>>> print(open('structure-v3.cif').read())   # mmCIF, C-alpha atoms
data_query
loop_
_atom_site.group_PDB
_atom_site.id
_atom_site.type_symbol
_atom_site.label_atom_id
_atom_site.label_comp_id
_atom_site.auth_asym_id
_atom_site.auth_seq_id
_atom_site.Cartn_x
_atom_site.Cartn_y
_atom_site.Cartn_z
ATOM 1 C CA MET A 1 9.469 -1.054 19.979
ATOM 2 C CA ASN A 2 7.862 1.312 17.475
ATOM 3 C CA LEU A 3 4.295 0.397 16.455
ATOM 4 C CA ALA A 4 2.033 1.640 13.670
ATOM 5 C CA THR A 5 -1.605 1.502 12.669
ATOM 6 C CA ALA A 6 -1.956 0.253 9.091
ATOM 7 C CA ILE A 7 -4.313 1.550 6.441
ATOM 8 C CA VAL A 8 -4.755 -1.095 3.730
ATOM 9 C CA LEU A 9 -6.221 0.284 0.508
ATOM 10 C CA ALA A 10 -8.497 -2.167 -1.305
ATOM 11 C CA ALA A 11 -11.000 0.175 -2.949
ATOM 12 C CA GLY A 12 -9.482 0.234 -6.449
ATOM 13 C CA GLU A 13 -11.301 -1.280 -9.405
ATOM 14 C CA GLY A 14 -8.232 -2.876 -10.989
ATOM 15 C CA ARG A 15 -9.227 -2.217 -14.604
ATOM 16 C CA ARG A 16 -5.901 -3.521 -15.916
ATOM 17 C CA MET A 17 -6.740 -6.971 -14.584
ATOM 18 C CA GLY A 18 -9.582 -7.203 -17.085
ATOM 19 C CA ALA A 19 -11.870 -8.776 -14.472
ATOM 20 C CA ALA A 20 -15.526 -8.057 -13.805
ATOM 21 C CA ARG A 21 -14.900 -7.660 -10.064
ATOM 22 C CA SER A 22 -12.433 -5.736 -7.932
ATOM 23 C CA LYS A 23 -8.991 -7.320 -8.091
ATOM 24 C CA SER A 24 -8.824 -7.362 -4.288
ATOM 25 C CA TYR A 25 -11.130 -10.386 -4.358
ATOM 26 C CA LEU A 26 -9.321 -12.315 -7.082
ATOM 27 C CA GLU A 27 -7.808 -15.506 -5.747
ATOM 28 C CA VAL A 28 -4.071 -16.029 -5.512
ATOM 29 C CA ALA A 29 -3.423 -19.751 -4.981
ATOM 30 C CA GLY A 30 -6.934 -20.214 -3.625
ATOM 31 C CA ARG A 31 -7.003 -17.239 -1.228
ATOM 32 C CA PRO A 32 -8.466 -13.814 -2.035
ATOM 33 C CA LEU A 33 -5.830 -11.143 -2.590
ATOM 34 C CA VAL A 34 -7.213 -8.901 0.158
ATOM 35 C CA LEU A 35 -6.843 -11.713 2.712
ATOM 36 C CA ARG A 36 -3.286 -12.416 1.591
ATOM 37 C CA ALA A 37 -2.484 -8.718 2.036
ATOM 38 C CA LEU A 38 -3.909 -8.797 5.558
ATOM 39 C CA ASP A 39 -1.946 -11.990 6.277
ATOM 40 C CA GLY A 40 1.233 -10.109 5.411
ATOM 41 C CA ILE A 41 0.394 -7.014 7.431
ATOM 42 C CA PHE A 42 -0.705 -8.964 10.508
ATOM 43 C CA SER A 43 2.409 -11.158 10.334
ATOM 44 C CA SER A 44 4.264 -8.142 11.729
ATOM 45 C CA PRO A 45 4.189 -7.628 15.508
ATOM 46 C CA ARG A 46 4.712 -3.925 14.772
ATOM 47 C CA ILE A 47 1.144 -3.461 13.511
ATOM 48 C CA ALA A 48 -1.247 -2.415 16.276
ATOM 49 C CA GLY A 49 -4.388 -2.455 14.135
ATOM 50 C CA VAL A 50 -5.706 -2.192 10.575
ATOM 51 C CA VAL A 51 -8.163 0.080 8.811
ATOM 52 C CA LEU A 52 -9.180 -1.711 5.606
ATOM 53 C CA VAL A 53 -10.530 0.705 2.995
ATOM 54 C CA VAL A 54 -12.885 -0.898 0.474
ATOM 55 C CA GLY A 55 -15.291 0.149 -2.253
ATOM 56 C CA VAL A 56 -18.813 1.090 -1.188
ATOM 57 C CA ALA A 57 -20.298 -1.725 -3.277
ATOM 58 C CA ASP A 58 -17.944 -4.256 -1.672
ATOM 59 C CA LEU A 59 -18.491 -3.304 1.985
ATOM 60 C CA ASP A 60 -20.967 -6.023 3.017
ATOM 61 C CA ARG A 61 -19.268 -8.702 0.964
ATOM 62 C CA CYS A 62 -15.848 -7.846 2.372
ATOM 63 C CA GLU A 63 -17.063 -7.757 5.962
ATOM 64 C CA ALA A 64 -18.596 -11.223 5.558
ATOM 65 C CA LEU A 65 -15.353 -12.502 4.035
ATOM 66 C CA LEU A 66 -13.226 -11.155 6.891
ATOM 67 C CA ARG A 67 -15.537 -12.338 9.664
ATOM 68 C CA ALA A 68 -15.608 -15.856 8.215
ATOM 69 C CA ASP A 69 -11.809 -16.136 7.991
ATOM 70 C CA PRO A 70 -10.203 -18.053 10.893
ATOM 71 C CA ALA A 71 -6.843 -16.292 10.410
ATOM 72 C CA LEU A 72 -8.454 -12.951 11.288
ATOM 73 C CA LYS A 73 -10.148 -14.107 14.474
ATOM 74 C CA ASP A 74 -9.357 -11.648 17.267
ATOM 75 C CA ARG A 75 -7.330 -9.468 14.884
ATOM 76 C CA PRO A 76 -7.885 -5.692 15.352
ATOM 77 C CA TRP A 77 -9.413 -4.554 12.056
ATOM 78 C CA VAL A 78 -12.137 -2.112 11.026
ATOM 79 C CA LEU A 79 -13.659 -1.330 7.643
ATOM 80 C CA GLN A 80 -13.952 2.050 5.965
ATOM 81 C CA THR A 81 -15.448 2.912 2.592
ATOM 82 C CA GLY A 82 -13.121 4.532 0.076
ATOM 83 C CA GLY A 83 -13.439 7.474 -2.248
ATOM 84 C CA ALA A 84 -13.203 8.169 -5.957
ATOM 85 C CA THR A 85 -9.391 8.246 -5.917
ATOM 86 C CA ARG A 86 -6.599 6.478 -4.071
ATOM 87 C CA GLN A 87 -5.773 9.753 -2.338
ATOM 88 C CA GLU A 88 -9.329 10.217 -1.078
ATOM 89 C CA SER A 89 -9.409 6.606 0.122
ATOM 90 C CA ALA A 90 -6.205 7.118 2.117
ATOM 91 C CA ARG A 91 -7.619 10.300 3.638
ATOM 92 C CA ARG A 92 -10.795 8.474 4.671
ATOM 93 C CA GLY A 93 -8.683 5.742 6.205
ATOM 94 C CA LEU A 94 -6.816 8.327 8.259
ATOM 95 C CA GLU A 95 -10.120 9.691 9.559
ATOM 96 C CA ARG A 96 -11.030 6.242 10.877
ATOM 97 C CA ILE A 97 -7.919 5.799 13.034
ATOM 98 C CA THR A 98 -8.657 5.991 16.743
ATOM 99 C CA GLY A 99 -6.412 5.980 19.780
ATOM 100 C CA ALA A 100 -2.983 7.463 20.222
ATOM 101 C CA ALA A 101 -1.183 5.967 17.224
ATOM 102 C CA ASP A 102 1.911 8.030 16.426
ATOM 103 C CA LEU A 103 2.766 6.238 13.158
ATOM 104 C CA VAL A 104 0.622 5.232 10.194
ATOM 105 C CA ALA A 105 1.590 2.632 7.576
ATOM 106 C CA ILE A 106 -0.334 3.002 4.308
ATOM 107 C CA HIS A 107 -0.261 -0.161 2.213
ATOM 108 C CA ASP A 108 -1.758 -1.349 -1.072
ATOM 109 C CA ALA A 109 -3.870 -4.499 -0.812
ATOM 110 C CA ALA A 110 -2.423 -5.350 -4.224
ATOM 111 C CA ARG A 111 0.930 -6.057 -2.499
ATOM 112 C CA PRO A 112 0.290 -9.296 -0.601
ATOM 113 C CA PHE A 113 3.882 -10.225 0.248
ATOM 114 C CA ALA A 114 5.286 -7.422 2.409
ATOM 115 C CA SER A 115 7.496 -9.188 4.952
ATOM 116 C CA PRO A 116 7.686 -8.491 8.708
ATOM 117 C CA ASP A 117 11.284 -7.327 8.237
ATOM 118 C CA LEU A 118 10.272 -4.832 5.549
ATOM 119 C CA ILE A 119 7.434 -3.493 7.676
ATOM 120 C CA ALA A 120 9.759 -3.108 10.669
ATOM 121 C CA ARG A 121 12.391 -1.251 8.618
ATOM 122 C CA CYS A 122 9.813 1.192 7.309
ATOM 123 C CA ILE A 123 8.321 1.800 10.754
ATOM 124 C CA ASP A 124 11.688 2.374 12.407
ATOM 125 C CA ALA A 125 12.825 4.716 9.630
ATOM 126 C CA ALA A 126 9.598 6.718 9.900
ATOM 127 C CA ALA A 127 10.034 6.952 13.678
ATOM 128 C CA ALA A 128 13.492 8.414 13.051
ATOM 129 C CA HIS A 129 12.746 10.638 10.043
ATOM 130 C CA GLY A 130 8.998 11.301 10.081
ATOM 131 C CA ALA A 131 8.378 9.702 6.672
ATOM 132 C CA ALA A 132 9.800 6.552 5.071
ATOM 133 C CA VAL A 133 9.023 4.373 2.065
ATOM 134 C CA PRO A 134 10.555 1.177 0.652
ATOM 135 C CA GLY A 135 12.100 1.214 -2.796
ATOM 136 C CA LEU A 136 14.396 -0.556 -5.233
ATOM 137 C CA PRO A 137 16.843 0.999 -7.713
ATOM 138 C CA ALA A 138 15.415 0.958 -11.248
ATOM 139 C CA ARG A 139 16.853 -1.927 -13.249
ATOM 140 C CA ASP A 140 15.780 -0.772 -16.691
ATOM 141 C CA THR A 141 16.612 2.407 -18.556
ATOM 142 C CA ILE A 142 13.739 4.882 -18.154
ATOM 143 C CA LYS A 143 12.741 7.299 -20.938
ATOM 144 C CA ILE A 144 10.617 10.446 -20.817
ATOM 145 C CA VAL A 145 8.273 10.012 -23.788
ATOM 146 C CA SER A 146 5.951 12.565 -25.394
ATOM 147 C CA ALA A 147 2.249 12.007 -26.031
ATOM 148 C CA GLU A 148 3.231 11.368 -29.645
ATOM 149 C CA ARG A 149 5.628 8.560 -28.589
ATOM 150 C CA TRP A 150 8.914 10.436 -29.169
ATOM 151 C CA ILE A 151 11.696 10.119 -26.600
ATOM 152 C CA GLU A 152 12.308 13.491 -24.994
ATOM 153 C CA SER A 153 15.029 12.639 -22.466
ATOM 154 C CA THR A 154 16.732 9.859 -20.534
ATOM 155 C CA PRO A 155 17.101 10.452 -16.788
ATOM 156 C CA GLU A 156 20.164 9.087 -15.005
ATOM 157 C CA ARG A 157 19.202 5.573 -13.935
ATOM 158 C CA ASN A 158 21.327 5.642 -10.780
ATOM 159 C CA ARG A 159 18.927 8.219 -9.297
ATOM 160 C CA LEU A 160 15.710 6.413 -10.230
ATOM 161 C CA TRP A 161 13.968 4.159 -7.714
ATOM 162 C CA GLU A 162 10.802 2.063 -7.906
ATOM 163 C CA ILE A 163 8.794 2.888 -4.785
ATOM 164 C CA GLN A 164 6.692 0.309 -2.960
ATOM 165 C CA THR A 165 4.402 0.171 0.054
ATOM 166 C CA PRO A 166 3.961 0.147 3.038
ATOM 167 C CA GLN A 167 4.730 3.847 3.274
ATOM 168 C CA VAL A 168 4.990 4.951 6.896
ATOM 169 C CA PHE A 169 4.545 8.437 8.318
ATOM 170 C CA ALA A 170 4.139 10.297 11.557
ATOM 171 C CA ARG A 171 0.373 10.466 11.984
ATOM 172 C CA ALA A 172 0.260 14.236 12.476
ATOM 173 C CA LEU A 173 2.369 14.772 9.340
ATOM 174 C CA ILE A 174 0.391 12.559 6.945
ATOM 175 C CA THR A 175 -2.932 13.856 8.272
ATOM 176 C CA ALA A 176 -1.885 17.479 7.741
ATOM 177 C CA ALA A 177 -0.377 16.712 4.330
ATOM 178 C CA HIS A 178 -3.576 15.047 3.098
ATOM 179 C CA ALA A 179 -5.700 17.899 4.408
ATOM 180 C CA GLN A 180 -3.504 20.419 2.560
ATOM 181 C CA ALA A 181 -3.594 18.397 -0.671
ATOM 182 C CA ALA A 182 -7.398 18.233 -0.517
ATOM 183 C CA GLN A 183 -7.608 21.969 0.126
ATOM 184 C CA ASP A 184 -5.275 22.737 -2.795
ATOM 185 C CA GLY A 185 -6.985 20.293 -5.167
ATOM 186 C CA ILE A 186 -3.753 18.336 -5.711
ATOM 187 C CA GLU A 187 -3.988 14.687 -6.810
ATOM 188 C CA CYS A 188 -0.963 12.498 -6.101
ATOM 189 C CA THR A 189 -0.101 8.961 -7.144
ATOM 190 C CA ASP A 190 1.112 7.863 -3.721
ATOM 191 C CA ASP A 191 1.233 9.123 -0.150
ATOM 192 C CA ALA A 192 4.917 9.968 -0.318
ATOM 193 C CA MET A 193 4.076 12.478 -3.040
ATOM 194 C CA VAL A 194 1.407 14.016 -0.774
ATOM 195 C CA VAL A 195 4.069 14.527 1.887
ATOM 196 C CA GLU A 196 6.629 15.825 -0.654
ATOM 197 C CA ARG A 197 4.121 18.436 -1.842
ATOM 198 C CA PHE A 198 3.653 19.399 1.809
ATOM 199 C CA GLY A 199 7.357 20.243 1.974
ATOM 200 C CA LYS A 200 8.604 17.290 4.016
ATOM 201 C CA ALA A 201 11.494 15.053 2.926
ATOM 202 C CA VAL A 202 10.838 11.309 2.656
ATOM 203 C CA PHE A 203 13.484 8.706 3.489
ATOM 204 C CA VAL A 204 13.864 5.564 1.333
ATOM 205 C CA VAL A 205 14.689 2.167 2.831
ATOM 206 C CA ASP A 206 15.606 -0.992 0.935
ATOM 207 C CA GLY A 207 12.529 -2.653 -0.503
ATOM 208 C CA GLU A 208 12.107 -6.297 -1.484
ATOM 209 C CA THR A 209 11.916 -7.866 -4.947
ATOM 210 C CA THR A 210 9.207 -10.229 -3.685
ATOM 211 C CA ASN A 211 7.038 -7.287 -2.566
ATOM 212 C CA ILE A 212 5.299 -7.342 -5.932
ATOM 213 C CA LYS A 213 2.160 -5.457 -6.889
ATOM 214 C CA ILE A 214 -0.667 -7.388 -8.536
ATOM 215 C CA THR A 215 -1.649 -5.205 -11.480
ATOM 216 C CA VAL A 216 -2.084 -7.424 -14.567
ATOM 217 C CA PRO A 217 -2.984 -11.144 -14.909
ATOM 218 C CA GLU A 218 0.676 -12.112 -15.341
ATOM 219 C CA ASP A 219 1.361 -10.815 -11.823
ATOM 220 C CA VAL A 220 -1.038 -13.410 -10.392
ATOM 221 C CA TRP A 221 0.900 -16.166 -12.157
ATOM 222 C CA PHE A 222 4.163 -14.829 -10.720
ATOM 223 C CA ALA A 223 2.687 -14.565 -7.221
ATOM 224 C CA GLU A 224 1.474 -18.163 -7.376
ATOM 225 C CA ALA A 225 4.886 -19.277 -8.634
ATOM 226 C CA LEU A 226 6.511 -17.596 -5.604
ATOM 227 C CA LEU A 227 4.140 -19.429 -3.306
ATOM 228 C CA ARG A 228 4.779 -22.782 -4.981
ATOM 229 C CA ARG A 229 8.550 -22.349 -4.725
ATOM 230 C CA GLY A 230 8.298 -21.538 -1.046
ATOM 231 C CA GLY A 231 9.702 -18.043 -1.492
ATOM 232 C CA ILE A 232 6.738 -16.569 0.367
ATOM 233 C CA VAL A 233 5.063 -17.741 3.556
#
>>> encode(input="structure-v3.cif", output="structure tokens")
Amino acid sequence: MNLATAIVLAAGEGRRMGAARSKSYLEVAGRPLVLRALDGIFSSPRIAGVVLVVGVADLDRCEALLRADPALKDRPWVLQTGGATRQESARRGLERITGAADLVAIHDAARPFASPDLIARCIDAAAAHGAAVPGLPARDTIKIVSAERWIESTPERNRLWEIQTPQVFARALITAAHAQAAQDGIECTDDAMVVERFGKAVFVVDGETTNIKITVPEDVWFAEALLRRGGIV
């Protein structure tokens, strides 16, 4: 059975939530988002351990939260402080991994509902291909729009996918790709892009519609509705 070490990124400020604190600590149905994300990751028997990357200002508060949570008792987690960007936070998470882990799953704490089946599919695909991410075909028509708000082009929708996390990679590959991106001064929006820029192809597996990302207040309402309807455990 293929296993992976997970890096869970919870260092973002979440400005679009309009909250005074990091969105990772906002409650979703009475439980902080970061704990719900860890619930999802640890629900998978494929995860050998977790590096949780948090903001410097949140380190003590987050450690107290995790140590007080009964669900995390005896779970293999460590904390790491993040950087100024998502990319730097992922790179710092990679530096904290110990042991002989061959695969690394990088996941956004803002996605609390990744299922064990999804995690397993991503891990197995990465074991076979070196790099794998979950995604869903775009449902809406996508437009390329200028800074002045004029439509410039319309890409073919059948080739457009919405990419999710966890994104899983061979450890040696993602470590080298991040090191090269840092050396070249390249900033990427996700880890798959870091690997693409490194010249490695990334395989896409079927994502899940319930693997939502909490970005704006309406997403919290939707997440709580999923929990109430029993669509998420």
>>> resolve_selection(input="structure-v3.cif", expression="the PyMOL selection byres ((chain A and resi 77-84) around 10)", output="PyMOL selection string")
chain A and resi 5-12+38+42+48-60+62-63+66+72-76+85-97
>>> write_last_selection(input="structure-v3.cif", atoms="C-alpha atoms", output="mmCIF file, keeping the file's coordinate frame")
data_model
loop_
_atom_site.group_PDB
_atom_site.id
_atom_site.type_symbol
_atom_site.label_atom_id
_atom_site.label_comp_id
_atom_site.auth_asym_id
_atom_site.auth_seq_id
_atom_site.Cartn_x
_atom_site.Cartn_y
_atom_site.Cartn_z
ATOM 1 C CA THR A 5 -1.605 1.502 12.669
ATOM 2 C CA ALA A 6 -1.956 0.253 9.091
ATOM 3 C CA ILE A 7 -4.313 1.550 6.441
ATOM 4 C CA VAL A 8 -4.755 -1.095 3.730
ATOM 5 C CA LEU A 9 -6.221 0.284 0.508
ATOM 6 C CA ALA A 10 -8.497 -2.167 -1.305
ATOM 7 C CA ALA A 11 -11.000 0.175 -2.949
ATOM 8 C CA GLY A 12 -9.482 0.234 -6.449
ATOM 9 C CA LEU A 38 -3.909 -8.797 5.558
ATOM 10 C CA PHE A 42 -0.705 -8.964 10.508
ATOM 11 C CA ALA A 48 -1.247 -2.415 16.276
ATOM 12 C CA GLY A 49 -4.388 -2.455 14.135
ATOM 13 C CA VAL A 50 -5.706 -2.192 10.575
ATOM 14 C CA VAL A 51 -8.163 0.080 8.811
ATOM 15 C CA LEU A 52 -9.180 -1.711 5.606
ATOM 16 C CA VAL A 53 -10.530 0.705 2.995
ATOM 17 C CA VAL A 54 -12.885 -0.898 0.474
ATOM 18 C CA GLY A 55 -15.291 0.149 -2.253
ATOM 19 C CA VAL A 56 -18.813 1.090 -1.188
ATOM 20 C CA ALA A 57 -20.298 -1.725 -3.277
ATOM 21 C CA ASP A 58 -17.944 -4.256 -1.672
ATOM 22 C CA LEU A 59 -18.491 -3.304 1.985
ATOM 23 C CA ASP A 60 -20.967 -6.023 3.017
ATOM 24 C CA CYS A 62 -15.848 -7.846 2.372
ATOM 25 C CA GLU A 63 -17.063 -7.757 5.962
ATOM 26 C CA LEU A 66 -13.226 -11.155 6.891
ATOM 27 C CA LEU A 72 -8.454 -12.951 11.288
ATOM 28 C CA LYS A 73 -10.148 -14.107 14.474
ATOM 29 C CA ASP A 74 -9.357 -11.648 17.267
ATOM 30 C CA ARG A 75 -7.330 -9.468 14.884
ATOM 31 C CA PRO A 76 -7.885 -5.692 15.352
ATOM 32 C CA THR A 85 -9.391 8.246 -5.917
ATOM 33 C CA ARG A 86 -6.599 6.478 -4.071
ATOM 34 C CA GLN A 87 -5.773 9.753 -2.338
ATOM 35 C CA GLU A 88 -9.329 10.217 -1.078
ATOM 36 C CA SER A 89 -9.409 6.606 0.122
ATOM 37 C CA ALA A 90 -6.205 7.118 2.117
ATOM 38 C CA ARG A 91 -7.619 10.300 3.638
ATOM 39 C CA ARG A 92 -10.795 8.474 4.671
ATOM 40 C CA GLY A 93 -8.683 5.742 6.205
ATOM 41 C CA LEU A 94 -6.816 8.327 8.259
ATOM 42 C CA GLU A 95 -10.120 9.691 9.559
ATOM 43 C CA ARG A 96 -11.030 6.242 10.877
ATOM 44 C CA ILE A 97 -7.919 5.799 13.034
#
>>> closest_residue(input="structure-v3.cif", among="A:Met193, A:Ala181, A:Leu103, A:Leu65", to="Ala128 (chain A)", atoms="all atoms listed in the file")
A:Leu103
>>> residues_near_point(input="structure-v3.cif", point="(8.2, -8.6, 11.9)", cutoff="6 Å", atoms="all atoms listed in the file", output="list of chain:residue names")
A:Ser44, A:Pro45, A:Pro116, A:Asp117, A:Ala120
>>> resolve_selection(input="structure-v3.cif", expression="the PyMOL selection byres ((chain A and resi 206) around 9)", output="PyMOL selection string")
chain A and resi 118+121-122+133-137+204-205+207-208
>>> resolve_selection(input="structure-v3.cif", expression="the PyMOL selection byres ((chain A and resi 212) around 9)", output="list in words")
Ala110, Arg111, Pro112, Phe113, Ala114, Gln164, Glu208, Thr209, Thr210, Asn211, Lys213, Ile214, Asp219, Phe222 and Ala223 of chain A
>>> closest_residue(input="structure-v3.cif", among="A:Ser115, A:Thr189, A:Thr98, A:Thr165", to="Ser43 (chain A)", atoms="only C-alpha atoms")
A:Ser115
>>> atom_distance(input="structure-v3.cif", atom1="CA of Ala29 (chain A)", atom2="CA of Gln167 (chain A)")
26.3 Å
>>> residues_near_point(input="structure-v3.cif", point="(7.0, 6.9, 6.0)", cutoff="10 Å", atoms="all atoms listed in the file", output="mmCIF file with C-alpha atoms, in the coordinates of the input")
data_model
loop_
_atom_site.group_PDB
_atom_site.id
_atom_site.type_symbol
_atom_site.label_atom_id
_atom_site.label_comp_id
_atom_site.auth_asym_id
_atom_site.auth_seq_id
_atom_site.Cartn_x
_atom_site.Cartn_y
_atom_site.Cartn_z
ATOM 1 C CA LEU A 103 2.766 6.238 13.158
ATOM 2 C CA VAL A 104 0.622 5.232 10.194
ATOM 3 C CA ALA A 105 1.590 2.632 7.576
ATOM 4 C CA ILE A 106 -0.334 3.002 4.308
ATOM 5 C CA CYS A 122 9.813 1.192 7.309
ATOM 6 C CA ILE A 123 8.321 1.800 10.754
ATOM 7 C CA ASP A 124 11.688 2.374 12.407
ATOM 8 C CA ALA A 125 12.825 4.716 9.630
ATOM 9 C CA ALA A 126 9.598 6.718 9.900
ATOM 10 C CA ALA A 127 10.034 6.952 13.678
ATOM 11 C CA ALA A 128 13.492 8.414 13.051
ATOM 12 C CA HIS A 129 12.746 10.638 10.043
ATOM 13 C CA GLY A 130 8.998 11.301 10.081
ATOM 14 C CA ALA A 131 8.378 9.702 6.672
ATOM 15 C CA ALA A 132 9.800 6.552 5.071
ATOM 16 C CA VAL A 133 9.023 4.373 2.065
ATOM 17 C CA PRO A 134 10.555 1.177 0.652
ATOM 18 C CA THR A 165 4.402 0.171 0.054
ATOM 19 C CA PRO A 166 3.961 0.147 3.038
ATOM 20 C CA GLN A 167 4.730 3.847 3.274
ATOM 21 C CA VAL A 168 4.990 4.951 6.896
ATOM 22 C CA PHE A 169 4.545 8.437 8.318
ATOM 23 C CA ALA A 170 4.139 10.297 11.557
ATOM 24 C CA ARG A 171 0.373 10.466 11.984
ATOM 25 C CA LEU A 173 2.369 14.772 9.340
ATOM 26 C CA ILE A 174 0.391 12.559 6.945
ATOM 27 C CA ASP A 191 1.233 9.123 -0.150
ATOM 28 C CA ALA A 192 4.917 9.968 -0.318
ATOM 29 C CA VAL A 195 4.069 14.527 1.887
ATOM 30 C CA ALA A 201 11.494 15.053 2.926
ATOM 31 C CA VAL A 202 10.838 11.309 2.656
ATOM 32 C CA PHE A 203 13.484 8.706 3.489
ATOM 33 C CA VAL A 204 13.864 5.564 1.333
ATOM 34 C CA VAL A 205 14.689 2.167 2.831
#
>>> atom_distance(input="structure-v3.cif", atom1="CA of Arg31 (chain A)", atom2="CA of Asp69 (chain A)")
10.5 Å
>>> closest_residue(input="structure-v3.cif", among="A:Glu218, A:Glu156, A:Asp184, A:Asp108", to="Val34 (chain A)", atoms="only C-alpha atoms")
A:Asp108
>>> atom_distance(input="structure-v3.cif", atom1="CA of Ala177 (chain A)", atom2="CA of Arg197 (chain A)")
7.8 Å
>>> closest_residue(input="structure-v3.cif", among="A:Ala71, A:Ala182, A:Ala101, A:Trp150", to="Asp39 (chain A)", atoms="only C-alpha atoms")
A:Ala71
>>> axis_aligned_box(input="structure-v3.cif", around="region 224-227 of chain A", padding_each_side="3 Å", output="JSON")
{"center_x": 4.0, "center_y": -18.5, "center_z": -6.0, "size_x": 11.0, "size_y": 7.8, "size_z": 11.3}
>>> residues_around(input="structure-v3.cif", residues="Pro155 (chain A)", least_positions_apart="3", cutoff="12 Å", atoms="all atoms listed in the file", output="VMD selection string")
chain A and resid 138 140 to 145 151 to 152 158 to 161
>>> write_last_selection(input="structure-v3.cif", atoms="C-alpha atoms", output="PDB file, in the coordinates of the input")
ATOM      1  CA  ALA A 138      15.415   0.958 -11.248  1.00  0.00           C
ATOM      2  CA  ASP A 140      15.780  -0.772 -16.691  1.00  0.00           C
ATOM      3  CA  THR A 141      16.612   2.407 -18.556  1.00  0.00           C
ATOM      4  CA  ILE A 142      13.739   4.882 -18.154  1.00  0.00           C
ATOM      5  CA  LYS A 143      12.741   7.299 -20.938  1.00  0.00           C
ATOM      6  CA  ILE A 144      10.617  10.446 -20.817  1.00  0.00           C
ATOM      7  CA  VAL A 145       8.273  10.012 -23.788  1.00  0.00           C
ATOM      8  CA  ILE A 151      11.696  10.119 -26.600  1.00  0.00           C
ATOM      9  CA  GLU A 152      12.308  13.491 -24.994  1.00  0.00           C
ATOM     10  CA  ASN A 158      21.327   5.642 -10.780  1.00  0.00           C
ATOM     11  CA  ARG A 159      18.927   8.219  -9.297  1.00  0.00           C
ATOM     12  CA  LEU A 160      15.710   6.413 -10.230  1.00  0.00           C
ATOM     13  CA  TRP A 161      13.968   4.159  -7.714  1.00  0.00           C
TER      14      TRP A 161
END
>>> residues_around(input="structure-v3.cif", residues="Val28 (chain A)", least_positions_apart="2", cutoff="9 Å", atoms="only C-alpha atoms", output="CSV table (one decimal) with C-alpha atoms, keeping the file's coordinate frame")
chain,number,residue,atom,x,y,z
A,26,LEU,CA,-9.3,-12.3,-7.1
A,30,GLY,CA,-6.9,-20.2,-3.6
A,31,ARG,CA,-7.0,-17.2,-1.2
A,32,PRO,CA,-8.5,-13.8,-2.0
A,33,LEU,CA,-5.8,-11.1,-2.6
A,36,ARG,CA,-3.3,-12.4,1.6
A,220,VAL,CA,-1.0,-13.4,-10.4
A,221,TRP,CA,0.9,-16.2,-12.2
A,223,ALA,CA,2.7,-14.6,-7.2
A,224,GLU,CA,1.5,-18.2,-7.4
>>> closest_residue(input="structure-v3.cif", among="A:Asn2, A:His178, A:Glu27, A:Ser146", to="Glu196 (chain A)", atoms="only C-alpha atoms")
A:His178
>>> closest_residue(input="structure-v3.cif", among="A:Ala109, A:Ala179, A:Ile41, A:Ile47", to="Ser24 (chain A)", atoms="all atoms listed in the file")
A:Ala109
>>> build_atoms(input="structure-v3.cif", residues="region 48-59 of chain A", atoms="N, CA and C atoms", output="mmCIF file, keeping the file's coordinate frame")
data_model
loop_
_atom_site.group_PDB
_atom_site.id
_atom_site.type_symbol
_atom_site.label_atom_id
_atom_site.label_comp_id
_atom_site.auth_asym_id
_atom_site.auth_seq_id
_atom_site.Cartn_x
_atom_site.Cartn_y
_atom_site.Cartn_z
ATOM 1 N N ALA A 48 -0.335 -2.438 15.137
ATOM 2 C CA ALA A 48 -1.247 -2.415 16.276
ATOM 3 C C ALA A 48 -2.703 -2.598 15.865
ATOM 4 N N GLY A 49 -3.024 -2.334 14.621
ATOM 5 C CA GLY A 49 -4.388 -2.455 14.135
ATOM 6 C C GLY A 49 -4.446 -2.079 12.672
ATOM 7 N N VAL A 50 -5.558 -2.422 12.016
ATOM 8 C CA VAL A 50 -5.706 -2.192 10.575
ATOM 9 C C VAL A 50 -7.035 -1.508 10.285
ATOM 10 N N VAL A 51 -6.976 -0.491 9.436
ATOM 11 C CA VAL A 51 -8.163 0.080 8.811
ATOM 12 C C VAL A 51 -8.146 -0.383 7.362
ATOM 13 N N LEU A 52 -9.093 -1.214 6.976
ATOM 14 C CA LEU A 52 -9.180 -1.711 5.606
ATOM 15 C C LEU A 52 -10.175 -0.853 4.838
ATOM 16 N N VAL A 53 -9.698 -0.201 3.783
ATOM 17 C CA VAL A 53 -10.530 0.705 2.995
ATOM 18 C C VAL A 53 -10.993 -0.023 1.737
ATOM 19 N N VAL A 54 -12.311 -0.130 1.579
ATOM 20 C CA VAL A 54 -12.885 -0.898 0.474
ATOM 21 C C VAL A 54 -13.900 -0.054 -0.286
ATOM 22 N N GLY A 55 -14.269 -0.521 -1.473
ATOM 23 C CA GLY A 55 -15.291 0.149 -2.253
ATOM 24 C C GLY A 55 -16.651 0.062 -1.579
ATOM 25 N N VAL A 56 -17.477 1.062 -1.808
ATOM 26 C CA VAL A 56 -18.813 1.090 -1.188
ATOM 27 C C VAL A 56 -19.602 -0.163 -1.555
ATOM 28 N N ALA A 57 -19.536 -0.564 -2.815
ATOM 29 C CA ALA A 57 -20.298 -1.725 -3.277
ATOM 30 C C ALA A 57 -19.789 -3.030 -2.686
ATOM 31 N N ASP A 58 -18.553 -3.034 -2.196
ATOM 32 C CA ASP A 58 -17.944 -4.256 -1.672
ATOM 33 C C ASP A 58 -18.016 -4.365 -0.154
ATOM 34 N N LEU A 59 -18.588 -3.368 0.522
ATOM 35 C CA LEU A 59 -18.491 -3.304 1.985
ATOM 36 C C LEU A 59 -19.074 -4.543 2.663
#
